[in-house]
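Following: one structure in structure tokens, then a few remarks.
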Amino acid sequence: MKKDLEMVFCYLESTEKFSAIDEVINKCKVFDELKDKDKFVKAVHKREKIQSTGIGHGVAIAHGKLDDIDHCHIALGYSKDGIIFDEHYSEPVRLVFVVASNKRRQAEYIHSVSNILSWVHDEDFRRQLKDGIDSHQVKEFLRHLEKQEFIPRYN
């Protein structure tokens, strides 16, 4: 894997959702910038226990919000075999996004997540992302993720 991608992308070994979320947070260096990573992990777990963040189509967007985060931090974990996130979706989650954001910067959070959704909503892109990271579209998406630029799929 390209060194730059380690900031925002990892292959997952975990087969359970909480350990997969933790794996994304611990492997993706973008979260090393957080002042209190343990507090963030607890916030994501707490949020996930309220309601699963699986959104269907093999995608989950787990998130946690803390007061001391200066801007959104987003990373992606990929599971080859998939992880069951909840009983509502029969398709295992293969794409686990994790988002760190500030409680008082809701607009930035919504903007970032909606732009990620504009990419993963596209069935062809989702298939390419699940099949590997070598397609042109996937490389473009990952370049934006590396820069923490959350732009819409079609702009």
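By order in the structure tokens, chains are A, B, ...; within a chain, residues start at 1; ligands start at 1, following the order shown.
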
Would you give me, as a ChimeraX atom specification, the residues in chain A that DSSP reads as strand (DSSP E)?
/A:9-11,54-56,59-66,73-83,93-102

Pull N, CA, C and O atoms from the residues just selected and write them as a CSV table (one decimal), in the first residue's frame.
chain,number,residue,atom,x,y,z
A,9,PHE,N,-6.5,5.1,4.9
A,9,PHE,CA,-7.1,3.8,4.4
A,9,PHE,C,-6.3,2.7,5.0
A,9,PHE,O,-5.1,2.7,5.2
A,10,CYS,N,-7.1,1.6,5.3
A,10,CYS,CA,-6.5,0.4,5.8
A,10,CYS,C,-7.3,-0.8,5.4
A,10,CYS,O,-8.5,-0.7,5.2
A,11,TYR,N,-6.7,-1.9,5.3
A,11,TYR,CA,-7.3,-3.2,5.1
A,11,TYR,C,-7.7,-3.8,6.5
A,11,TYR,O,-6.8,-3.7,7.4
A,54,GLY,N,-24.5,1.4,10.0
A,54,GLY,CA,-24.6,0.7,8.7
A,54,GLY,C,-25.7,1.4,7.8
A,54,GLY,O,-26.8,1.7,8.3
A,55,ILE,N,-25.4,1.7,6.6
A,55,ILE,CA,-26.3,2.4,5.8
A,55,ILE,C,-26.8,1.6,4.6
A,55,ILE,O,-27.5,2.1,3.7
A,56,GLY,N,-26.4,0.4,4.5
A,56,GLY,CA,-26.8,-0.5,3.4
A,56,GLY,C,-25.7,-0.5,2.3
A,56,GLY,O,-24.8,0.2,2.4
A,59,VAL,N,-21.9,-0.6,3.2
A,59,VAL,CA,-21.2,0.6,3.7
A,59,VAL,C,-21.7,1.0,5.1
A,59,VAL,O,-22.9,0.9,5.4
A,60,ALA,N,-20.8,1.4,5.9
A,60,ALA,CA,-21.1,2.0,7.3
A,60,ALA,C,-20.3,3.3,7.4
A,60,ALA,O,-19.2,3.4,6.9
A,61,ILE,N,-20.9,4.2,8.1
A,61,ILE,CA,-20.2,5.5,8.4
A,61,ILE,C,-20.3,5.7,9.9
A,61,ILE,O,-21.2,6.4,10.4
A,62,ALA,N,-19.4,5.2,10.6
A,62,ALA,CA,-19.3,5.3,12.1
A,62,ALA,C,-18.7,6.7,12.4
A,62,ALA,O,-17.9,7.2,11.7
A,63,HIS,N,-19.2,7.3,13.5
A,63,HIS,CA,-18.7,8.6,13.8
A,63,HIS,C,-18.8,8.9,15.3
A,63,HIS,O,-19.6,8.3,16.0
A,64,GLY,N,-18.0,9.9,15.7
A,64,GLY,CA,-18.0,10.4,17.0
A,64,GLY,C,-17.7,11.9,17.0
A,64,GLY,O,-16.9,12.3,16.1
A,65,LYS,N,-18.2,12.6,18.0
A,65,LYS,CA,-18.0,14.0,18.0
A,65,LYS,C,-17.5,14.4,19.4
A,65,LYS,O,-18.0,14.0,20.4
A,66,LEU,N,-16.5,15.3,19.3
A,66,LEU,CA,-15.8,15.8,20.5
A,66,LEU,C,-15.6,17.3,20.4
A,66,LEU,O,-15.5,17.8,19.3
A,73,HIS,N,-12.0,14.6,10.5
A,73,HIS,CA,-11.0,13.6,10.1
A,73,HIS,C,-11.8,12.4,9.7
A,73,HIS,O,-12.6,11.9,10.4
A,74,ILE,N,-11.5,11.9,8.5
A,74,ILE,CA,-12.2,10.8,7.9
A,74,ILE,C,-11.2,9.8,7.4
A,74,ILE,O,-10.3,10.1,6.7
A,75,ALA,N,-11.5,8.5,7.7
A,75,ALA,CA,-10.7,7.4,7.1
A,75,ALA,C,-11.6,6.2,6.7
A,75,ALA,O,-12.8,6.2,7.1
A,76,LEU,N,-11.1,5.3,6.0
A,76,LEU,CA,-11.8,4.2,5.4
A,76,LEU,C,-11.1,2.9,5.7
A,76,LEU,O,-9.9,2.8,5.4
A,77,GLY,N,-11.8,2.0,6.2
A,77,GLY,CA,-11.3,0.6,6.3
A,77,GLY,C,-12.1,-0.3,5.4
A,77,GLY,O,-13.3,-0.2,5.2
A,78,TYR,N,-11.3,-1.2,4.8
A,78,TYR,CA,-11.9,-2.2,3.8
A,78,TYR,C,-11.8,-3.6,4.3
A,78,TYR,O,-10.7,-4.1,4.7
A,79,SER,N,-13.0,-4.3,4.4
A,79,SER,CA,-13.0,-5.7,4.8
A,79,SER,C,-13.3,-6.5,3.6
A,79,SER,O,-14.4,-6.4,3.0
A,80,LYS,N,-12.4,-7.4,3.2
A,80,LYS,CA,-12.6,-8.3,2.1
A,80,LYS,C,-13.9,-9.2,2.3
A,80,LYS,O,-14.7,-9.3,1.3
A,81,ASP,N,-14.1,-9.8,3.4
A,81,ASP,CA,-15.2,-10.7,3.7
A,81,ASP,C,-16.4,-10.0,4.2
A,81,ASP,O,-17.5,-10.6,4.1
A,82,GLY,N,-16.3,-8.8,4.7
A,82,GLY,CA,-17.4,-8.1,5.2
A,82,GLY,C,-17.7,-8.3,6.7
A,82,GLY,O,-17.2,-9.4,7.3
A,83,ILE,N,-18.4,-7.4,7.3
A,83,ILE,CA,-18.7,-7.5,8.8
A,83,ILE,C,-20.2,-7.2,8.9
A,83,ILE,O,-20.8,-6.3,8.3
A,93,VAL,N,-21.0,-5.4,5.7
A,93,VAL,CA,-20.3,-4.1,5.5
A,93,VAL,C,-18.8,-4.4,5.1
A,93,VAL,O,-18.1,-5.1,5.8
A,94,ARG,N,-18.5,-3.9,3.9
A,94,ARG,CA,-17.1,-4.0,3.5
A,94,ARG,C,-16.3,-2.7,3.5
A,94,ARG,O,-15.1,-2.7,3.6
A,95,LEU,N,-17.1,-1.6,3.5
A,95,LEU,CA,-16.5,-0.3,3.5
A,95,LEU,C,-16.9,0.4,4.9
A,95,LEU,O,-18.1,0.8,5.1
A,96,VAL,N,-15.9,0.6,5.8
A,96,VAL,CA,-16.2,1.2,7.1
A,96,VAL,C,-15.5,2.5,7.1
A,96,VAL,O,-14.3,2.6,7.3
A,97,PHE,N,-16.3,3.6,7.0
A,97,PHE,CA,-15.8,4.9,7.1
A,97,PHE,C,-15.9,5.3,8.6
A,97,PHE,O,-16.8,4.9,9.3
A,98,VAL,N,-14.9,6.0,9.1
A,98,VAL,CA,-14.9,6.5,10.5
A,98,VAL,C,-14.7,8.0,10.4
A,98,VAL,O,-13.8,8.5,9.7
A,99,VAL,N,-15.6,8.8,11.1
A,99,VAL,CA,-15.5,10.2,11.0
A,99,VAL,C,-15.4,10.8,12.4
A,99,VAL,O,-16.1,10.5,13.3
A,100,ALA,N,-14.4,11.7,12.6
A,100,ALA,CA,-14.2,12.4,13.8
A,100,ALA,C,-14.6,13.9,13.5
A,100,ALA,O,-14.1,14.4,12.5
A,101,SER,N,-15.5,14.4,14.3
A,101,SER,CA,-15.9,15.8,14.1
A,101,SER,C,-16.1,16.5,15.4
A,101,SER,O,-16.2,15.9,16.5
A,102,ASN,N,-16.3,17.8,15.3
A,102,ASN,CA,-16.6,18.7,16.5
A,102,ASN,C,-18.1,18.8,16.6
A,102,ASN,O,-18.8,19.1,15.6

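Candidate residues A:Asp32, A:Glu48, A:Asp70, A:Glu13 were compared for distance to Tyr109 of chain A, and the nearest is A:Asp70, using only C-alpha atoms.
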
Best match for closeness to His111 of chain A among A:Glu140, A:Val44, A:Glu149, A:Glu16, counting only C-alpha atoms
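Checking each of A:Glu140, A:Val44, A:Glu149, A:Glu16 against His111 of chain A, counting only C-alpha atoms, the winner is A:Glu149.
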
Taking only C-alpha atoms into account, name the residue in A:Ile84, A:Leu142, A:Leu129, A:Cys72 that is nearest to Leu34 of chain A.
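Residue with the minimum atom-to-atom distance to Leu34 of chain A: A:Cys72.
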
As a PyMOL selection string, please: every residue in segment 40-110 of chain A that a backbone DSSP assignment puts in helix (DSSP H, G or I).
chain A and resi 40-50+106-110
